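Participant: Just one file: query_35.txt, with compact mmCIF, C-alpha atoms.
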# COMPACT_ATOMS: atom_id res chain seq x y z
CA ARG A 1144 -112.27 -28.67 -15.97
CA LYS A 1145 -114.61 -31.54 -15.18
CA GLU A 1146 -113.23 -35.07 -15.13
CA VAL A 1147 -115.99 -36.30 -17.39
CA GLU A 1148 -118.04 -34.19 -19.76
CA GLN A 1149 -121.19 -34.99 -21.64
CA ASP A 1150 -123.60 -33.05 -23.78
CA PRO A 1151 -126.69 -32.76 -21.56
CA GLY A 1152 -129.07 -32.84 -24.52
CA PRO A 1153 -131.90 -33.45 -24.71
CA PHE A 1154 -131.69 -35.53 -27.82
CA ASN A 1155 -135.18 -35.80 -29.27
CA VAL A 1156 -135.40 -38.58 -31.85
CA PRO A 1157 -138.21 -40.54 -33.50
CA GLU A 1158 -138.69 -44.23 -32.91
CA GLY A 1159 -136.40 -46.29 -35.07
CA ALA A 1160 -133.73 -43.63 -35.30
CA THR A 1161 -130.06 -44.16 -34.61
CA VAL A 1162 -128.57 -41.86 -32.02
CA ALA A 1163 -125.04 -41.47 -30.71
CA PHE A 1164 -123.66 -39.89 -27.56
CA ASN A 1165 -120.10 -38.95 -26.83
CA CYS A 1166 -118.35 -38.46 -23.53
CA THR A 1167 -114.89 -37.03 -23.00
CA TYR A 1168 -112.63 -37.62 -20.02
CA SER A 1169 -109.69 -35.56 -18.91
CA ASN A 1170 -107.50 -37.96 -16.95
CA SER A 1171 -105.26 -40.19 -19.01
CA ALA A 1172 -105.00 -42.52 -16.01
CA SER A 1173 -108.59 -43.53 -16.56
CA GLN A 1174 -108.81 -47.27 -16.76
CA SER A 1175 -112.37 -48.48 -16.85
CA PHE A 1176 -115.35 -47.03 -18.65
CA PHE A 1177 -119.06 -47.61 -18.36
CA TRP A 1178 -122.38 -46.41 -19.62
CA TYR A 1179 -125.23 -46.28 -17.15
CA ARG A 1180 -128.86 -45.53 -17.73
CA GLN A 1181 -130.93 -43.56 -15.26
CA ASP A 1182 -134.67 -43.27 -15.46
CA CYS A 1183 -136.45 -40.37 -13.84
CA ARG A 1184 -136.43 -40.63 -10.03
CA LYS A 1185 -134.65 -43.99 -10.15
CA GLU A 1186 -131.14 -45.18 -9.47
CA PRO A 1187 -128.58 -45.56 -12.29
CA LYS A 1188 -128.35 -49.03 -13.79
CA LEU A 1189 -125.40 -50.44 -15.64
CA LEU A 1190 -126.04 -50.51 -19.36
CA MET A 1191 -122.67 -51.77 -20.49
CA SER A 1192 -118.97 -51.66 -19.81
CA VAL A 1193 -116.80 -50.21 -22.55
CA TYR A 1194 -113.84 -52.24 -23.74
CA SER A 1195 -110.84 -51.07 -25.70
CA SER A 1196 -111.83 -53.06 -28.75
CA GLY A 1197 -115.38 -51.76 -28.65
CA ASN A 1198 -118.34 -53.91 -27.77
CA GLU A 1199 -121.91 -54.47 -28.79
CA ASP A 1200 -124.96 -55.62 -26.90
CA GLY A 1201 -128.00 -55.91 -29.12
CA ARG A 1202 -128.90 -52.44 -30.36
CA PHE A 1203 -126.22 -50.79 -28.26
CA THR A 1204 -122.61 -50.31 -29.31
CA ALA A 1205 -119.94 -48.74 -27.12
CA GLN A 1206 -116.54 -47.58 -28.27
CA LEU A 1207 -113.45 -46.21 -26.60
CA ASN A 1208 -110.88 -43.90 -28.15
CA ARG A 1209 -107.97 -43.62 -25.74
CA ALA A 1210 -105.94 -41.34 -27.96
CA SER A 1211 -108.66 -38.72 -28.04
CA GLN A 1212 -109.97 -39.64 -24.60
CA TYR A 1213 -113.58 -40.18 -25.41
CA ILE A 1214 -116.12 -42.94 -25.31
CA SER A 1215 -119.26 -43.24 -27.33
CA LEU A 1216 -122.60 -44.99 -27.18
CA LEU A 1217 -124.60 -45.77 -30.28
CA ILE A 1218 -128.23 -46.82 -30.06
CA ARG A 1219 -129.80 -48.28 -33.16
CA ASP A 1220 -133.51 -48.66 -33.86
CA SER A 1221 -134.48 -46.51 -30.89
CA LYS A 1222 -137.44 -47.61 -28.82
CA LEU A 1223 -139.73 -45.49 -26.70
CA SER A 1224 -138.38 -47.37 -23.70
CA ASP A 1225 -134.88 -46.09 -24.44
CA SER A 1226 -135.96 -42.66 -23.19
CA ALA A 1227 -133.74 -41.99 -20.18
CA THR A 1228 -130.63 -40.18 -19.10
CA TYR A 1229 -127.39 -41.89 -20.09
CA LEU A 1230 -124.45 -41.45 -17.74
CA CYS A 1231 -120.84 -41.86 -18.71
CA VAL A 1232 -118.69 -43.23 -15.85
CA VAL A 1233 -114.93 -43.46 -15.67
CA ARG A 1234 -112.72 -45.16 -13.09
CA LEU A 1235 -109.11 -44.21 -12.56
CA ARG A 1236 -106.36 -46.77 -12.59
CA ASN A 1237 -105.25 -47.71 -9.09
CA PHE A 1238 -107.89 -45.54 -7.51
CA ASN A 1239 -111.14 -46.74 -6.11
CA LYS A 1240 -112.83 -43.67 -7.45
CA PHE A 1241 -115.43 -43.23 -10.13
CA TYR A 1242 -116.25 -40.05 -12.01
CA PHE A 1243 -119.66 -39.40 -13.48
CA GLY A 1244 -120.69 -37.28 -16.39
CA SER A 1245 -123.73 -35.12 -15.86
CA GLY A 1246 -125.73 -37.32 -18.19
CA THR A 1247 -127.27 -37.00 -21.64
CA LYS A 1248 -131.03 -37.00 -21.82
CA LEU A 1249 -132.66 -38.97 -24.61
CA ASN A 1250 -136.30 -38.62 -25.58
CA VAL A 1251 -137.57 -41.13 -28.11
CA LYS A 1252 -140.88 -40.01 -29.59
CA PRO A 1253 -143.53 -42.02 -31.45
CA GLY B 762 -125.50 -58.82 -11.82
CA ALA B 763 -124.63 -57.90 -8.26
CA VAL B 764 -127.44 -56.60 -6.09
CA VAL B 765 -127.33 -53.63 -3.78
CA SER B 766 -130.31 -52.95 -1.57
CA GLN B 767 -131.08 -49.62 0.04
CA HIS B 768 -133.60 -48.89 2.76
CA PRO B 769 -135.81 -46.99 3.28
CA SER B 770 -136.96 -45.97 -0.19
CA TRP B 771 -138.90 -43.00 1.11
CA VAL B 772 -138.67 -41.09 4.34
CA ILE B 773 -140.40 -37.98 5.53
CA CYS B 774 -139.21 -36.43 8.75
CA LYS B 775 -139.47 -33.27 10.76
CA SER B 776 -136.74 -30.70 10.78
CA GLY B 777 -134.17 -31.41 13.47
CA THR B 778 -134.53 -35.17 13.50
CA SER B 779 -131.93 -37.66 12.32
CA VAL B 780 -132.49 -40.18 9.57
CA LYS B 781 -130.54 -43.37 8.95
CA ILE B 782 -130.28 -44.96 5.51
CA GLU B 783 -128.92 -48.47 5.04
CA CYS B 784 -127.07 -49.83 2.05
CA ARG B 785 -126.48 -53.57 1.74
CA SER B 786 -124.63 -55.62 -0.82
CA LEU B 787 -126.75 -58.76 -1.03
CA ASP B 788 -124.62 -61.22 -2.93
CA PHE B 789 -121.09 -59.93 -2.70
CA GLN B 790 -118.76 -58.33 -0.21
CA ALA B 791 -118.01 -54.68 -0.60
CA THR B 792 -115.01 -53.23 1.17
CA THR B 793 -115.91 -49.89 -0.35
CA MET B 794 -119.29 -48.30 -0.83
CA PHE B 795 -120.10 -44.85 -2.11
CA TRP B 796 -122.78 -42.38 -1.09
CA TYR B 797 -124.26 -39.86 -3.52
CA ARG B 798 -126.84 -37.15 -3.45
CA GLN B 799 -128.89 -36.05 -6.41
CA PHE B 800 -131.08 -32.99 -6.58
CA PRO B 801 -133.87 -32.82 -9.17
CA LYS B 802 -132.62 -32.58 -12.74
CA GLN B 803 -129.02 -32.55 -11.58
CA SER B 804 -126.26 -35.11 -11.82
CA LEU B 805 -125.12 -37.46 -9.08
CA MET B 806 -122.83 -35.83 -6.57
CA LEU B 807 -120.42 -38.05 -4.66
CA MET B 808 -120.63 -37.27 -0.97
CA ALA B 809 -118.25 -39.78 0.54
CA THR B 810 -116.48 -43.07 0.15
CA SER B 811 -117.30 -45.56 2.86
CA ASN B 812 -114.49 -47.92 3.81
CA GLU B 813 -115.16 -51.08 5.79
CA GLY B 814 -113.52 -50.93 9.18
CA SER B 815 -112.17 -47.40 8.82
CA LYS B 816 -113.30 -43.83 8.54
CA ALA B 817 -115.16 -42.61 5.52
CA THR B 818 -113.51 -40.24 3.08
CA TYR B 819 -115.64 -37.17 2.48
CA GLU B 820 -115.68 -35.02 -0.63
CA GLN B 821 -114.92 -31.36 -0.34
CA GLY B 822 -117.83 -29.37 1.02
CA VAL B 823 -119.58 -32.35 2.64
CA GLU B 824 -119.85 -32.02 6.41
CA LYS B 825 -118.74 -35.24 8.05
CA ASP B 826 -120.47 -34.39 11.31
CA LYS B 827 -123.75 -33.91 9.53
CA PHE B 828 -123.55 -36.97 7.31
CA LEU B 829 -122.33 -39.79 9.50
CA ILE B 830 -121.17 -42.89 7.70
CA ASN B 831 -120.59 -46.24 9.29
CA HIS B 832 -119.32 -49.28 7.41
CA ALA B 833 -119.17 -51.90 10.09
CA SER B 834 -119.30 -54.98 7.91
CA LEU B 835 -118.44 -56.07 4.40
CA THR B 836 -122.08 -55.95 3.37
CA LEU B 837 -123.52 -52.95 5.17
CA SER B 838 -122.91 -49.23 5.15
CA THR B 839 -125.17 -46.67 6.80
CA LEU B 840 -125.59 -42.96 6.22
CA THR B 841 -127.14 -40.91 8.99
CA VAL B 842 -128.32 -37.42 8.19
CA THR B 843 -128.15 -35.69 11.54
CA SER B 844 -130.40 -32.80 12.50
CA ALA B 845 -131.97 -32.79 9.08
CA HIS B 846 -133.23 -29.56 7.57
CA PRO B 847 -135.40 -28.92 4.53
CA GLU B 848 -132.35 -28.18 2.40
CA ASP B 849 -131.19 -31.77 3.06
CA SER B 850 -134.21 -33.04 1.15
CA SER B 851 -132.79 -34.99 -1.75
CA PHE B 852 -132.37 -38.37 -3.38
CA TYR B 853 -129.59 -40.28 -1.63
CA ILE B 854 -128.08 -43.23 -3.47
CA CYS B 855 -125.45 -45.72 -2.44
CA SER B 856 -123.31 -47.89 -4.64
CA ALA B 857 -120.81 -50.66 -4.22
CA ARG B 858 -118.14 -51.92 -6.50
CA GLU B 859 -118.23 -55.54 -7.48
CA LEU B 860 -114.60 -56.58 -7.47
CA ALA B 861 -114.73 -59.21 -10.20
CA GLY B 862 -116.07 -56.98 -12.93
CA GLY B 863 -115.19 -53.63 -11.45
CA GLU B 864 -118.58 -52.13 -12.20
CA LEU B 865 -120.58 -50.07 -9.76
CA PHE B 866 -123.99 -51.30 -8.70
CA PHE B 867 -126.46 -48.92 -7.15
CA GLY B 868 -129.04 -49.22 -4.46
CA GLU B 869 -132.57 -48.17 -5.31
CA GLY B 870 -132.07 -44.81 -3.65
CA SER B 871 -133.73 -43.14 -0.69
CA ARG B 872 -135.85 -40.08 -1.19
CA LEU B 873 -135.66 -37.86 1.88
CA THR B 874 -138.14 -35.10 2.49
CA VAL B 875 -137.57 -32.89 5.51
CA LEU B 876 -140.56 -30.82 6.56
Please, can you express the file's structure as structure tokens?
Facilitator:
Amino acid sequence: RKEVEQDPGPFNVPEGATVAFNCTYSNSASQSFFWYRQDCRKEPKLLMSVYSSGNEDGRFTAQLNRASQYISLLIRDSKLSDSATYLCVVRLRNFNKFYFGSGTKLNVKP
Amino acid sequence: GAVVSQHPSWVICKSGTSVKIECRSLDFQATTMFWYRQFPKQSLMLMATSNEGSKATYEQGVEKDKFLINHASLTLSTLTVTSAHPEDSSFYICSARELAGGELFFGEGSRLTVL
């Protein structure tokens, strides 16, 4: 079983739509959680960290559910520029090791 | 946020030659850096963990003699692809962990094409 699993998509949504991605992780020792965005042929860039209480940054909201071992990313009012692959990343407690999901591809269409 | 710089961005080389890729943390010290490889339309694959002042830790299936990693200082790690072959053509990305926030920051990546 993979450490981190994501639905690869693609999610095809119109501009202005709200879209949500989920990511599940298998190791209960996971401590830190992040969402990264990767554009085609570019390096991943940190979108936001995910905190236990949930956090929001503009149109983006991230949530963590430790009991069910998943994190989510909600994007409101989608823009064309949001089209990218969104990577879920998990770091284990006491280990300097990060696990990546395979990414969820989002296509926002006019 | 923290900045990680990777060089070169693009490299084309002949089969059998060796290629060195540098990864630098520009505004923070990184005792640990990570090297990844990504093939088209696939996810990042961790190759090895580079530890300053000690040997790198390689993931299963990654040949340490082919992918030489040196982390001689707190701001620089290098990956050398030795005797490169066309199947080594890929996008190589490094990352470093910024201790304060714990997030990973990535270099811009190096696209290697072996002819």
Participant: Could you list, as a ChimeraX atom specification, every residue within 6 Å of stretch 865-875 of chain B, counting only C-alpha atoms and ignoring same-chain residues fewer than 6 positions away?
Facilitator: /A:1186 /B:765-767,769-776,846-847,850-858
Participant: Would you please work out which residue, of B:Ser815, B:Ser804, B:Thr793, B:Ser779, is nearest to chain A when using all atoms listed in the file?
Facilitator: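 Closest to chain A, using all atoms listed in the file: B:Ser804.
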Participant: Counting all atoms listed in the file, I want the residues whose atoms come within 10 Å of (-114.8, -39.5, 5.7) in the file frame, returned as a ChimeraX atom specification.
Facilitator: /B:808-812,815-820,823-826,828-831
Participant: When you get a sec, could you note down which chain A residues fall within 9 Å of chain B, using only C-alpha atoms, as a PyMOL selection string?
Facilitator: chain A and resi 1175-1177+1183-1189+1192+1230+1234+1239-1246
Participant: Skipping near chain neighbours, those fewer than 6 positions away, what residues fall within 6 Å of stretch 836-840 of chain B using all atoms listed in the file, listed as a JSON list (two decimals) with C-alpha atoms, in the frame of the given file?
Facilitator:
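For reference, part02.json as written:
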[["chain", "number", "residue", "atom", "x", "y", "z"],
["B", 781, "LYS", "CA", -130.54, -43.37, 8.95],
["B", 782, "ILE", "CA", -130.28, -44.96, 5.51],
["B", 783, "GLU", "CA", -128.92, -48.47, 5.04],
["B", 784, "CYS", "CA", -127.07, -49.83, 2.05],
["B", 785, "ARG", "CA", -126.48, -53.57, 1.74],
["B", 786, "SER", "CA", -124.63, -55.62, -0.82],
["B", 790, "GLN", "CA", -118.76, -58.33, -0.21],
["B", 791, "ALA", "CA", -118.01, -54.68, -0.60],
["B", 829, "LEU", "CA", -122.33, -39.79, 9.50],
["B", 830, "ILE", "CA", -121.17, -42.89, 7.70]]
Participant: Atom CA of A:Lys1252 to atom CA of A:Leu1223: how many Å, to one decimal?
Facilitator: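 Distance between the two atoms: 6.3 Å.
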Participant: Expressed in Å to a single decimal, how great is the separation between atom CA of A:Val1233 and atom CA of A:Asp1200?
Facilitator: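 Computing it gives 19.4 Å between the two atoms.
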Participant: Tell me, in Å to one decimal, how far atom CA of A:Glu1199 is from atom CA of B:Tyr797.
Facilitator: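 Value for the atom CA of A:Glu1199-atom CA of B:Tyr797 distance: 29.3 Å.
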Participant: Kindly indicate which residue among B:Ser834, B:Thr792, B:Gln821, B:Thr841 lies nearest to B:Glu859, using all atoms listed in the file for the distances.
Facilitator: B:Thr792
Participant: Counting all atoms listed in the file, which of A:Asn1250, A:Ser1196, A:Asn1155, A:Ser1215 gets nearest to A:Val1232?
Facilitator: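 The closest residue to A:Val1232 is A:Ser1215.
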Participant: With only C-alpha atoms as the counted atoms, please give the residues lying no more than 12 Å from A:Ser1195, apart from itself and same-chain residues fewer than 5 positions off, as a list in words.
Facilitator: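 Using only C-alpha atoms, the neighbours found are Gln1174, Ser1175, Phe1176, Phe1177, Ala1205, Gln1206, Leu1207, Asn1208, Arg1209, Ala1210, Gln1212, Tyr1213, Ile1214 and Ser1215 of chain A.
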Participant: Find the residues with any atom within 12 Å of (-130.7, -47.1, -21.4); use only C-alpha atoms and the coordinates as given in the file, and write the answer as a short mmCIF file (atom, residue, chain, number, x, y, z; two decimals) with C-alpha atoms, keeping the file's coordinate frame.
Facilitator:
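As a result, point.cif now contains:
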data_model
loop_
_atom_site.label_atom_id
_atom_site.label_comp_id
_atom_site.auth_asym_id
_atom_site.auth_seq_id
_atom_site.Cartn_x
_atom_site.Cartn_y
_atom_site.Cartn_z
CA PHE A 1164 -123.66 -39.89 -27.56
CA TRP A 1178 -122.38 -46.41 -19.62
CA TYR A 1179 -125.23 -46.28 -17.15
CA ARG A 1180 -128.86 -45.53 -17.73
CA GLN A 1181 -130.93 -43.56 -15.26
CA ASP A 1182 -134.67 -43.27 -15.46
CA CYS A 1183 -136.45 -40.37 -13.84
CA PRO A 1187 -128.58 -45.56 -12.29
CA LYS A 1188 -128.35 -49.03 -13.79
CA LEU A 1189 -125.40 -50.44 -15.64
CA LEU A 1190 -126.04 -50.51 -19.36
CA MET A 1191 -122.67 -51.77 -20.49
CA ASP A 1200 -124.96 -55.62 -26.90
CA ARG A 1202 -128.90 -52.44 -30.36
CA PHE A 1203 -126.22 -50.79 -28.26
CA THR A 1204 -122.61 -50.31 -29.31
CA LEU A 1216 -122.60 -44.99 -27.18
CA LEU A 1217 -124.60 -45.77 -30.28
CA ILE A 1218 -128.23 -46.82 -30.06
CA ARG A 1219 -129.80 -48.28 -33.16
CA SER A 1221 -134.48 -46.51 -30.89
CA LYS A 1222 -137.44 -47.61 -28.82
CA LEU A 1223 -139.73 -45.49 -26.70
CA SER A 1224 -138.38 -47.37 -23.70
CA ASP A 1225 -134.88 -46.09 -24.44
CA SER A 1226 -135.96 -42.66 -23.19
CA ALA A 1227 -133.74 -41.99 -20.18
CA THR A 1228 -130.63 -40.18 -19.10
CA TYR A 1229 -127.39 -41.89 -20.09
CA LEU A 1230 -124.45 -41.45 -17.74
CA CYS A 1231 -120.84 -41.86 -18.71
CA GLY A 1246 -125.73 -37.32 -18.19
CA THR A 1247 -127.27 -37.00 -21.64
CA LYS A 1248 -131.03 -37.00 -21.82
CA LEU A 1249 -132.66 -38.97 -24.61
CA ASN A 1250 -136.30 -38.62 -25.58
CA VAL A 1251 -137.57 -41.13 -28.11
#
Participant: Smallest atom-to-atom distance to A:Gly1159: which of A:Asp1220, A:Gly1201, A:Leu1235, A:Pro1253, using all atoms listed in the file?
Facilitator: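 Once distances to A:Gly1159 are computed over all atoms listed in the file, the minimum belongs to A:Asp1220.
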